[in-house]
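Below is input.csv, holding CSV, C-alpha atoms.
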```
chain,number,residue,atom,x,y,z
X,1,MET,CA,81.5,145.9,27.3
X,2,SER,CA,78.3,143.9,27.2
X,3,ALA,CA,74.9,145.4,27.9
X,4,VAL,CA,74.0,145.1,31.5
X,5,SER,CA,70.9,145.7,33.7
X,6,ARG,CA,72.0,148.6,35.8
X,7,MET,CA,71.1,149.3,39.4
X,8,ALA,CA,69.3,152.3,40.5
X,9,GLU,CA,71.7,154.6,42.4
X,10,GLN,CA,69.3,155.0,45.3
X,11,GLU,CA,69.1,151.2,45.8
X,12,ALA,CA,72.8,150.8,45.5
X,13,LEU,CA,73.4,153.5,48.1
X,14,GLY,CA,70.8,151.8,50.3
X,15,VAL,CA,72.9,148.6,50.2
X,16,LEU,CA,76.0,150.6,51.2
X,17,HIS,CA,74.1,152.3,54.0
X,18,ALA,CA,73.0,149.0,55.4
X,19,ALA,CA,76.4,147.5,55.2
X,20,ARG,CA,78.6,150.3,56.6
X,21,ASP,CA,80.0,149.8,60.1
X,22,PRO,CA,78.6,152.4,62.5
X,23,ARG,CA,82.2,153.8,63.0
X,24,ASP,CA,82.8,154.2,59.3
X,25,ILE,CA,83.2,157.7,57.9
X,26,VAL,CA,81.1,158.1,54.7
X,27,VAL,CA,81.8,161.0,52.3
X,28,THR,CA,79.1,161.7,49.8
X,29,THR,CA,79.0,164.3,47.0
X,30,MET,CA,76.8,165.5,44.2
X,31,SER,CA,74.0,162.9,43.4
X,32,THR,CA,75.2,160.5,46.1
X,33,ALA,CA,74.9,163.3,48.7
X,34,ARG,CA,71.4,164.1,47.5
X,35,ASP,CA,70.3,160.4,47.8
X,36,TRP,CA,72.3,159.6,51.0
X,37,MET,CA,70.5,162.5,52.8
X,38,LYS,CA,67.2,160.6,52.3
X,39,LEU,CA,68.6,157.8,54.5
X,40,PRO,CA,69.1,157.9,58.3
X,41,GLN,CA,72.1,160.0,59.1
X,42,SER,CA,75.2,159.2,61.2
X,43,PRO,CA,77.4,161.7,62.9
X,44,PHE,CA,80.3,160.2,60.8
X,45,ASP,CA,78.6,161.1,57.5
X,46,LEU,CA,80.3,164.0,55.7
X,47,VAL,CA,77.9,165.3,53.2
X,48,PHE,CA,80.4,167.2,51.0
X,49,VAL,CA,77.9,169.9,49.9
X,50,PRO,CA,79.0,172.5,49.1
X,51,SER,CA,82.0,171.0,47.4
X,52,ALA,CA,84.9,171.8,45.2
X,53,MET,CA,84.3,170.0,42.0
X,54,SER,CA,85.6,166.4,42.1
X,55,HIS,CA,87.4,166.6,45.5
X,56,ALA,CA,85.5,164.1,47.6
X,57,THR,CA,88.3,161.5,47.1
X,58,SER,CA,90.8,164.1,48.3
X,59,VAL,CA,88.8,164.9,51.4
X,60,GLY,CA,88.5,161.2,52.0
X,61,LEU,CA,92.2,160.7,51.8
X,62,GLY,CA,92.8,163.3,54.4
X,63,LEU,CA,90.3,161.7,56.7
X,64,ALA,CA,91.8,158.3,56.2
X,65,LEU,CA,95.2,159.5,57.1
X,66,ALA,CA,94.0,161.4,60.2
X,67,GLN,CA,91.8,158.5,61.3
X,68,PRO,CA,93.7,155.4,60.6
X,69,ASP,CA,91.5,153.3,63.0
X,70,ARG,CA,88.4,154.0,61.0
X,71,ARG,CA,87.3,153.0,57.5
X,72,VAL,CA,86.6,155.9,55.2
X,73,VAL,CA,84.1,155.2,52.4
X,74,VAL,CA,83.9,157.8,49.5
X,75,ALA,CA,80.7,157.6,47.5
X,76,ASN,CA,81.7,159.3,44.3
X,77,GLY,CA,80.3,159.8,40.8
X,78,ASP,CA,81.9,159.1,37.5
X,79,GLY,CA,81.9,162.7,36.5
X,80,SER,CA,83.7,163.7,39.7
X,81,MET,CA,86.1,160.8,39.4
X,82,LEU,CA,87.1,161.8,35.9
X,83,MET,CA,87.8,165.3,37.0
X,84,ASN,CA,90.3,164.1,39.7
X,85,LEU,CA,91.8,160.9,38.5
X,86,GLY,CA,95.1,161.9,39.9
X,87,SER,CA,93.6,161.6,43.4
X,88,LEU,CA,93.6,157.8,42.9
X,89,VAL,CA,97.3,157.9,42.5
X,90,SER,CA,97.6,160.2,45.6
X,91,ILE,CA,95.5,157.7,47.6
X,92,ALA,CA,97.4,154.6,46.5
X,93,SER,CA,100.8,156.2,47.1
X,94,SER,CA,99.9,157.6,50.5
X,95,GLY,CA,100.0,154.3,52.2
X,96,ALA,CA,96.4,154.6,53.5
X,97,ARG,CA,94.8,151.2,53.6
X,98,ASN,CA,91.5,152.3,55.3
X,99,ILE,CA,89.8,153.9,52.3
X,100,VAL,CA,87.2,152.6,50.0
X,101,VAL,CA,86.3,154.6,46.9
X,102,VAL,CA,83.0,153.6,45.4
X,103,VAL,CA,82.2,155.1,42.0
X,104,PHE,CA,78.5,155.2,41.1
X,105,ASP,CA,78.9,155.4,37.3
X,106,ASN,CA,75.8,156.5,35.6
X,107,GLY,CA,77.6,157.9,32.5
X,108,VAL,CA,76.2,161.4,32.9
X,109,TYR,CA,76.6,164.7,34.8
X,110,GLU,CA,73.3,164.1,36.5
X,111,VAL,CA,73.0,167.2,38.5
X,112,THR,CA,73.4,169.5,35.5
X,113,GLY,CA,70.8,167.8,33.4
X,114,SER,CA,72.3,164.4,32.5
X,115,GLN,CA,74.8,165.5,29.8
X,116,PRO,CA,77.1,162.6,28.9
X,117,THR,CA,80.4,162.4,30.7
X,118,PRO,CA,83.5,162.2,28.5
X,119,GLY,CA,84.0,158.5,27.6
X,120,ALA,CA,80.7,157.5,29.0
X,121,GLN,CA,80.2,153.7,28.6
X,122,ALA,CA,83.8,153.4,27.4
X,123,VAL,CA,86.0,154.3,30.4
X,124,ASP,CA,87.4,151.3,32.3
X,125,PHE,CA,87.5,152.6,35.8
X,126,ALA,CA,88.8,149.3,37.1
X,127,ALA,CA,91.8,149.4,34.9
X,128,ILE,CA,92.5,153.0,35.9
X,129,ALA,CA,92.3,152.1,39.6
X,130,ARG,CA,94.6,149.1,39.2
X,131,GLY,CA,97.0,151.3,37.3
X,132,ALA,CA,96.9,153.9,40.0
X,133,GLY,CA,98.0,151.2,42.5
X,134,PHE,CA,94.8,150.2,44.3
X,135,ARG,CA,95.2,146.8,45.9
X,136,ALA,CA,91.6,145.7,45.7
X,137,VAL,CA,89.4,146.5,42.7
X,138,PHE,CA,85.9,145.4,42.1
X,139,CYS,CA,83.4,145.9,39.3
X,140,VAL,CA,79.7,145.3,40.1
X,141,ASP,CA,76.8,145.6,37.6
X,142,ALA,CA,73.9,143.9,39.3
X,143,LEU,CA,72.2,144.9,42.5
X,144,GLU,CA,72.1,141.3,43.8
X,145,ASP,CA,75.8,141.1,43.3
X,146,TRP,CA,76.4,144.3,45.1
X,147,ARG,CA,74.2,143.1,47.9
X,148,SER,CA,76.0,139.8,48.3
X,149,ASP,CA,79.5,141.2,47.9
X,150,VAL,CA,79.4,144.5,49.7
X,151,GLN,CA,80.9,143.2,52.9
X,152,LYS,CA,83.7,141.4,51.1
X,153,ILE,CA,84.4,144.6,49.2
X,154,LEU,CA,84.3,146.9,52.3
X,155,ASN,CA,86.6,144.5,54.2
X,156,ALA,CA,89.1,143.9,51.4
X,157,ASP,CA,92.8,144.6,51.9
X,158,GLY,CA,92.7,148.3,50.8
X,159,PRO,CA,92.9,150.8,49.4
X,160,THR,CA,89.8,149.5,47.7
X,161,PHE,CA,88.1,150.7,44.6
X,162,ALA,CA,84.5,149.6,43.7
X,163,TRP,CA,83.0,150.5,40.3
X,164,LEU,CA,79.3,150.3,40.3
X,165,ARG,CA,77.4,150.8,37.1
X,166,VAL,CA,74.1,152.4,37.9
X,167,GLU,CA,71.1,153.7,36.0
X,168,PRO,CA,71.1,157.5,35.3
X,169,ALA,CA,68.2,159.2,36.9
X,170,THR,CA,66.4,162.0,35.1
X,171,ASP,CA,64.9,165.3,36.2
X,172,LEU,CA,66.3,165.1,39.7
X,173,PRO,CA,67.7,168.3,41.4
X,174,GLY,CA,71.2,168.6,42.6
X,175,PRO,CA,71.9,168.2,46.3
X,176,LYS,CA,71.0,171.0,48.7
X,177,SER,CA,73.3,171.9,51.5
X,178,PRO,CA,71.9,170.4,54.7
X,179,GLY,CA,73.0,173.4,56.7
X,180,PRO,CA,75.9,175.8,57.2
X,181,ALA,CA,79.1,174.0,56.4
X,182,ARG,CA,81.1,175.6,59.2
X,183,ASP,CA,78.6,174.3,61.8
X,184,ARG,CA,78.6,170.8,60.3
X,185,ALA,CA,82.3,170.8,60.2
X,186,ARG,CA,82.4,171.6,63.9
X,187,ARG,CA,79.9,168.8,64.7
X,188,PHE,CA,81.8,166.3,62.6
X,189,ILE,CA,85.1,167.1,64.3
X,190,GLU,CA,83.4,166.7,67.8
X,191,ALA,CA,81.8,163.4,66.8
X,192,LEU,CA,85.2,162.0,65.8
X,193,ARG,CA,86.7,163.2,69.1
X,194,SER,CA,84.0,161.7,71.3
Q,195,MET,CA,120.2,182.8,45.7
Q,196,THR,CA,117.4,180.4,45.0
Q,197,SER,CA,116.0,179.8,48.5
Q,198,ILE,CA,116.0,182.1,51.5
Q,199,PHE,CA,115.3,179.2,53.9
Q,200,ASN,CA,116.8,175.7,54.0
Q,201,GLY,CA,115.2,172.3,54.6
Q,202,GLU,CA,116.6,171.8,58.1
Q,203,GLN,CA,115.2,175.0,59.5
Q,204,ILE,CA,111.9,174.3,57.9
Q,205,ALA,CA,111.7,170.8,59.2
Q,206,GLU,CA,112.6,171.9,62.7
Q,207,MET,CA,110.0,174.7,62.6
Q,208,LEU,CA,107.3,172.3,61.4
Q,209,ASP,CA,108.1,170.0,64.3
Q,210,GLN,CA,108.0,172.9,66.8
Q,211,LEU,CA,104.7,174.1,65.5
Q,212,GLY,CA,103.2,170.7,65.7
Q,213,VAL,CA,102.4,170.4,62.0
Q,214,SER,CA,101.3,166.8,61.6
Q,215,HIS,CA,101.2,166.6,57.8
Q,216,VAL,CA,102.6,168.7,54.9
Q,217,VAL,CA,100.5,168.2,51.8
Q,218,THR,CA,102.6,169.2,48.9
Q,219,VAL,CA,103.5,169.5,45.2
Q,220,PRO,CA,107.1,170.5,45.0
Q,221,ASP,CA,108.9,173.2,43.0
Q,222,SER,CA,112.6,173.7,42.7
Q,223,THR,CA,112.8,175.7,46.0
Q,224,ILE,CA,110.4,174.0,48.4
Q,225,GLY,CA,110.9,170.5,46.9
Q,226,PRO,CA,114.4,170.2,48.3
Q,227,TRP,CA,113.0,170.7,51.8
Q,228,GLN,CA,111.3,167.3,51.6
Q,229,GLY,CA,114.4,165.4,52.4
Q,230,ALA,CA,115.0,167.2,55.7
Q,231,ILE,CA,111.3,166.9,56.6
Q,232,GLU,CA,111.4,163.2,56.0
Q,233,ARG,CA,114.7,162.8,57.9
Q,234,ARG,CA,113.4,164.5,60.9
Q,235,GLY,CA,110.4,162.2,60.8
Q,236,ARG,CA,107.9,164.2,62.9
Q,237,THR,CA,105.9,165.7,60.1
Q,238,ARG,CA,104.5,163.4,57.5
Q,239,LEU,CA,104.7,164.3,53.8
Q,240,VAL,CA,101.6,163.7,51.7
Q,241,ARG,CA,102.4,164.0,48.0
Q,242,VAL,CA,99.5,164.8,45.8
Q,243,CYS,CA,99.2,165.1,42.0
Q,244,ARG,CA,98.0,168.6,41.7
Q,245,GLU,CA,97.6,171.5,44.1
Q,246,GLY,CA,93.8,171.7,44.2
Q,247,GLU,CA,94.0,168.2,45.8
Q,248,ALA,CA,96.3,169.5,48.4
Q,249,TRP,CA,93.8,171.9,50.0
Q,250,GLU,CA,91.1,169.2,50.1
Q,251,VAL,CA,93.4,166.6,51.5
Q,252,ALA,CA,94.4,169.1,54.1
Q,253,ALA,CA,90.7,169.7,54.8
Q,254,GLY,CA,90.1,166.0,55.4
Q,255,LEU,CA,93.1,165.9,57.7
Q,256,TYR,CA,91.9,168.9,59.7
Q,257,LEU,CA,88.4,167.5,60.0
Q,258,GLY,CA,89.9,164.2,61.2
Q,259,GLY,CA,91.8,166.0,63.9
Q,260,ALA,CA,95.3,166.5,62.4
Q,261,SER,CA,97.2,169.8,61.9
Q,262,PRO,CA,98.1,170.0,58.3
Q,263,MET,CA,99.9,172.6,56.2
Q,264,VAL,CA,99.7,173.0,52.4
Q,265,MET,CA,103.1,173.6,50.7
Q,266,ILE,CA,103.0,174.6,47.0
Q,267,GLN,CA,104.2,177.1,44.5
Q,268,CYS,CA,102.2,180.1,43.4
Q,269,THR,CA,101.5,178.5,40.0
Q,270,GLY,CA,99.7,175.8,42.1
Q,271,LEU,CA,97.9,178.6,43.9
Q,272,PHE,CA,96.5,179.6,40.5
Q,273,GLU,CA,95.4,176.0,39.9
Q,274,SER,CA,93.8,175.7,43.3
Q,275,GLY,CA,91.0,178.3,43.0
Q,276,ASP,CA,87.9,176.2,43.5
Q,277,ALA,CA,89.4,174.1,46.3
Q,278,ILE,CA,90.5,177.3,48.1
Q,279,ARG,CA,87.0,178.8,47.7
Q,280,ASN,CA,85.5,175.6,49.1
Q,281,VAL,CA,87.9,174.9,52.0
Q,282,LEU,CA,88.6,178.4,53.3
Q,283,HIS,CA,85.3,180.1,52.5
Q,284,ASP,CA,82.5,177.5,52.3
Q,285,TRP,CA,83.8,175.3,55.1
Q,286,LYS,CA,85.8,178.0,56.8
Q,287,LEU,CA,88.6,175.7,57.7
Q,288,PRO,CA,91.7,177.4,59.0
Q,289,ILE,CA,94.2,175.8,56.7
Q,290,PHE,CA,97.7,177.3,56.7
Q,291,SER,CA,100.0,177.3,53.7
Q,292,MET,CA,103.5,178.0,52.5
Q,293,ILE,CA,103.6,179.2,48.9
Q,294,GLY,CA,106.7,179.7,46.8
Q,295,TYR,CA,106.7,183.1,45.0
Q,296,ARG,CA,108.3,182.2,41.7
Q,297,SER,CA,110.8,184.6,40.2
Q,298,TYR,CA,110.6,187.2,43.0
Q,299,LEU,CA,114.3,187.2,43.7
Q,300,ASN,CA,115.3,187.1,40.1
Q,301,GLN,CA,113.9,186.5,36.6
Q,302,ASP,CA,116.9,184.8,35.1
Q,303,THR,CA,114.9,181.8,34.0
Q,304,LEU,CA,111.7,183.4,33.1
Q,305,PRO,CA,112.1,187.1,32.3
Q,306,GLY,CA,108.9,188.9,32.7
Q,307,ASP,CA,107.4,186.0,34.7
Q,308,THR,CA,103.7,186.8,35.1
Q,309,CYS,CA,103.7,185.1,38.5
Q,310,LEU,CA,105.0,188.5,39.7
Q,311,VAL,CA,101.9,190.1,38.3
Q,312,PHE,CA,99.2,187.7,39.6
Q,313,THR,CA,100.4,186.1,42.8
Q,314,GLU,CA,99.4,188.8,45.3
Q,315,PRO,CA,96.2,189.9,43.5
Q,316,VAL,CA,95.1,186.3,43.6
Q,317,LEU,CA,95.9,186.0,47.3
Q,318,ASP,CA,93.9,189.2,47.9
Q,319,ALA,CA,91.0,187.9,45.8
Q,320,TRP,CA,90.8,184.8,47.9
Q,321,LYS,CA,91.0,186.9,51.0
Q,322,ILE,CA,94.0,185.0,52.4
Q,323,ASP,CA,95.9,186.7,55.2
Q,324,TYR,CA,99.5,186.4,53.9
Q,325,ARG,CA,103.0,187.6,54.6
Q,326,VAL,CA,105.6,187.9,51.9
Q,327,LEU,CA,109.0,186.9,53.1
Q,328,THR,CA,112.0,188.0,51.0
Q,329,SER,CA,115.1,187.5,53.2
Q,330,PRO,CA,116.5,184.8,55.6
Q,331,GLN,CA,116.3,187.3,58.4
Q,332,GLN,CA,112.5,187.1,58.3
Q,333,PHE,CA,112.4,183.4,59.2
Q,334,GLY,CA,110.8,184.0,62.5
Q,335,GLU,CA,107.7,185.5,60.9
Q,336,VAL,CA,106.7,182.1,59.6
Q,337,ALA,CA,106.1,180.8,63.1
Q,338,ALA,CA,104.7,184.1,64.3
Q,339,HIS,CA,102.1,184.2,61.5
Q,340,TYR,CA,101.2,180.5,62.0
Q,341,ALA,CA,100.7,181.1,65.7
Q,342,ALA,CA,98.5,184.1,65.1
Q,343,CYS,CA,96.3,182.3,62.6
Q,344,LYS,CA,96.0,179.3,64.9
Q,345,ARG,CA,95.1,181.5,67.8
Q,346,ASP,CA,92.4,183.3,65.7
Q,347,GLY,CA,91.2,180.1,64.0
Q,348,THR,CA,91.8,181.6,60.6
Q,349,ALA,CA,93.5,180.6,57.4
Q,350,GLY,CA,96.9,182.2,56.6
Q,351,ALA,CA,99.8,181.9,54.2
Q,352,ILE,CA,103.5,182.5,54.1
Q,353,ILE,CA,104.7,183.5,50.7
Q,354,VAL,CA,108.3,182.6,50.2
Q,355,ALA,CA,110.3,184.6,47.7
Q,356,GLU,CA,112.1,182.3,45.2
Q,357,GLY,CA,114.8,182.7,42.7
Q,358,ALA,CA,115.2,180.7,39.6
Q,359,ALA,CA,112.0,178.9,38.4
```
Exercise: express the given structure as structure tokens:
Amino acid sequence: MSAVSRMAEQEALGVLHAARDPRDIVVTTMSTARDWMKLPQSPFDLVFVPSAMSHATSVGLGLALAQPDRRVVVANGDGSMLMNLGSLVSIASSGARNIVVVVFDNGVYEVTGSQPTPGAQAVDFAAIARGAGFRAVFCVDALEDWRSDVQKILNADGPTFAWLRVEPATDLPGPKSPGPARDRARRFIEALRS
Amino acid sequence: MTSIFNGEQIAEMLDQLGVSHVVTVPDSTIGPWQGAIERRGRTRLVRVCREGEAWEVAAGLYLGGASPMVMIQCTGLFESGDAIRNVLHDWKLPIFSMIGYRSYLNQDTLPGDTCLVFTEPVLDAWKIDYRVLTSPQQFGEVAAHYAACKRDGTAGAIIVAEGAA
């Protein structure tokens, strides 16, 4: 793997934020949740905090199956993805076509102090996603490429997997819960019903 | 006896209860129910790779407006701890489950099976309102407990006694 100039996660999330359709459901977790909450919020955002470790993709699959007329975008991290690789197989085998998994790969467990993830810099997430059965798989290293390709990626014939290599941040806190989860769940359900 | 219920009665019950999706990892007792559920065609099976996933997929289904049920073995219950904590207690989602109780009816395959030691204490630890069913005559308790949990907006579980592992 050649050396690349990585994007900042916050900038990459900003591109996704600008590109998402207003009806899209966006699931964020760990550092993506922390940074997504700095951006204007949508009633269809599910900030998965508190979470069960690694399960944003699983929640996203359930949402995609229950809401087949919406696109579900899961903004995941590499540490979380590694902890639940089987979920990629579950997604691909479910028949859900309306889900986009975006892995923001910074090579570290950022929220615990940036310890390296197993296989950091060596794991080929694109190969894993293809092997799991994803129909559309993309690897993006540069912010300008992400910006130019994001609509093509979001609108690909899914299920879709996008692997973004991003710069690790340092000395940033983990995400804080934006409020009682039960209340947020109720509001989220109501938003989808209305 | 390896199963106190059969697939046809489970499939019909799921249909009558309005269960939209069964999120599942099979075992030798609940796995054979899959064929009847698929033949009936009213409840969709979602096959996942491990049981922790099942609770979170069910959570997503519930948040999206569906009526899911988790169907796993007690060994998968042990695997599911963090997901159960998150789904049932952080988010307080009323996810119902059917859980196979390995070796309850006999221990021919696994004498001294520790599932018999840990299943009910683990359910108690996770504060899950469960009923242990050990005979075919108790089938009606599945729907009754499901209806009570749905009425109260709480999570619940049916623990199905199994025979050979």
Enumerate as a PyMOL selection string the residues belonging to chain Q that approach chain X to within 10 Å, with only C-alpha atoms taken into account. chain Q and resi 214-215+217+239-244+246-262+274-287
Output C-alpha atoms for every residue in the selection just made, as a CSV table (one decimal), in the frame of the given file.
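The result, written out as part_33.csv:
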```
chain,number,residue,atom,x,y,z
Q,214,SER,CA,101.3,166.8,61.6
Q,215,HIS,CA,101.2,166.6,57.8
Q,217,VAL,CA,100.5,168.2,51.8
Q,239,LEU,CA,104.7,164.3,53.8
Q,240,VAL,CA,101.6,163.7,51.7
Q,241,ARG,CA,102.4,164.0,48.0
Q,242,VAL,CA,99.5,164.8,45.8
Q,243,CYS,CA,99.2,165.1,42.0
Q,244,ARG,CA,98.0,168.6,41.7
Q,246,GLY,CA,93.8,171.7,44.2
Q,247,GLU,CA,94.0,168.2,45.8
Q,248,ALA,CA,96.3,169.5,48.4
Q,249,TRP,CA,93.8,171.9,50.0
Q,250,GLU,CA,91.1,169.2,50.1
Q,251,VAL,CA,93.4,166.6,51.5
Q,252,ALA,CA,94.4,169.1,54.1
Q,253,ALA,CA,90.7,169.7,54.8
Q,254,GLY,CA,90.1,166.0,55.4
Q,255,LEU,CA,93.1,165.9,57.7
Q,256,TYR,CA,91.9,168.9,59.7
Q,257,LEU,CA,88.4,167.5,60.0
Q,258,GLY,CA,89.9,164.2,61.2
Q,259,GLY,CA,91.8,166.0,63.9
Q,260,ALA,CA,95.3,166.5,62.4
Q,261,SER,CA,97.2,169.8,61.9
Q,262,PRO,CA,98.1,170.0,58.3
Q,274,SER,CA,93.8,175.7,43.3
Q,275,GLY,CA,91.0,178.3,43.0
Q,276,ASP,CA,87.9,176.2,43.5
Q,277,ALA,CA,89.4,174.1,46.3
Q,278,ILE,CA,90.5,177.3,48.1
Q,279,ARG,CA,87.0,178.8,47.7
Q,280,ASN,CA,85.5,175.6,49.1
Q,281,VAL,CA,87.9,174.9,52.0
Q,282,LEU,CA,88.6,178.4,53.3
Q,283,HIS,CA,85.3,180.1,52.5
Q,284,ASP,CA,82.5,177.5,52.3
Q,285,TRP,CA,83.8,175.3,55.1
Q,286,LYS,CA,85.8,178.0,56.8
Q,287,LEU,CA,88.6,175.7,57.7
```
Who sits within 9 Å of Asp209 in chain Q, only C-alpha atoms, same chain under 2 positions skipped, as a compact mmCIF listing (two decimals) with C-alpha atoms, in the frame of the given file:
```
# COMPACT_ATOMS: atom_id res chain seq x y z
CA ILE Q 204 111.90 174.30 57.90
CA ALA Q 205 111.70 170.80 59.20
CA GLU Q 206 112.60 171.90 62.70
CA MET Q 207 110.00 174.70 62.60
CA LEU Q 211 104.70 174.10 65.50
CA GLY Q 212 103.20 170.70 65.70
CA VAL Q 213 102.40 170.40 62.00
CA SER Q 214 101.30 166.80 61.60
CA ILE Q 231 111.30 166.90 56.60
CA ARG Q 234 113.40 164.50 60.90
CA GLY Q 235 110.40 162.20 60.80
CA ARG Q 236 107.90 164.20 62.90
CA THR Q 237 105.90 165.70 60.10
```
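Take CA of Gln203 in chain Q and CA of Val219 in chain Q: the distance between them is 19.3 Å.
Look at everything within 9 Å of (77.1, 153.4, 42.0) using all atoms listed in the file, and the residues you get are X:Met7, X:Ala8, X:Glu9, X:Gln10, X:Ala12, X:Leu13, X:Thr32, X:Ala75, X:Asn76, X:Gly77, X:Asp78, X:Val102, X:Val103, X:Phe104, X:Asp105, X:Asn106, X:Val140, X:Asp141, X:Ala162, X:Trp163, X:Leu164, X:Arg165, X:Val166, X:Glu167.
Near Asp221 in chain Q, within a cut-off of 12 Å and counting only C-alpha atoms, sit the residues Q:Thr196, Q:Ser197, Q:Trp227, Q:Gln228, Q:Arg244, Q:Glu245, Q:Met265, Q:Ile266, Q:Gln267, Q:Cys268, Q:Thr269, Q:Gly270, Q:Met292, Q:Ile293, Q:Gly294, Q:Tyr295, Q:Arg296, Q:Ser297, Q:Val354, Q:Glu356, Q:Gly357, Q:Ala358, Q:Ala359, with same-chain residues fewer than 6 positions away left out.
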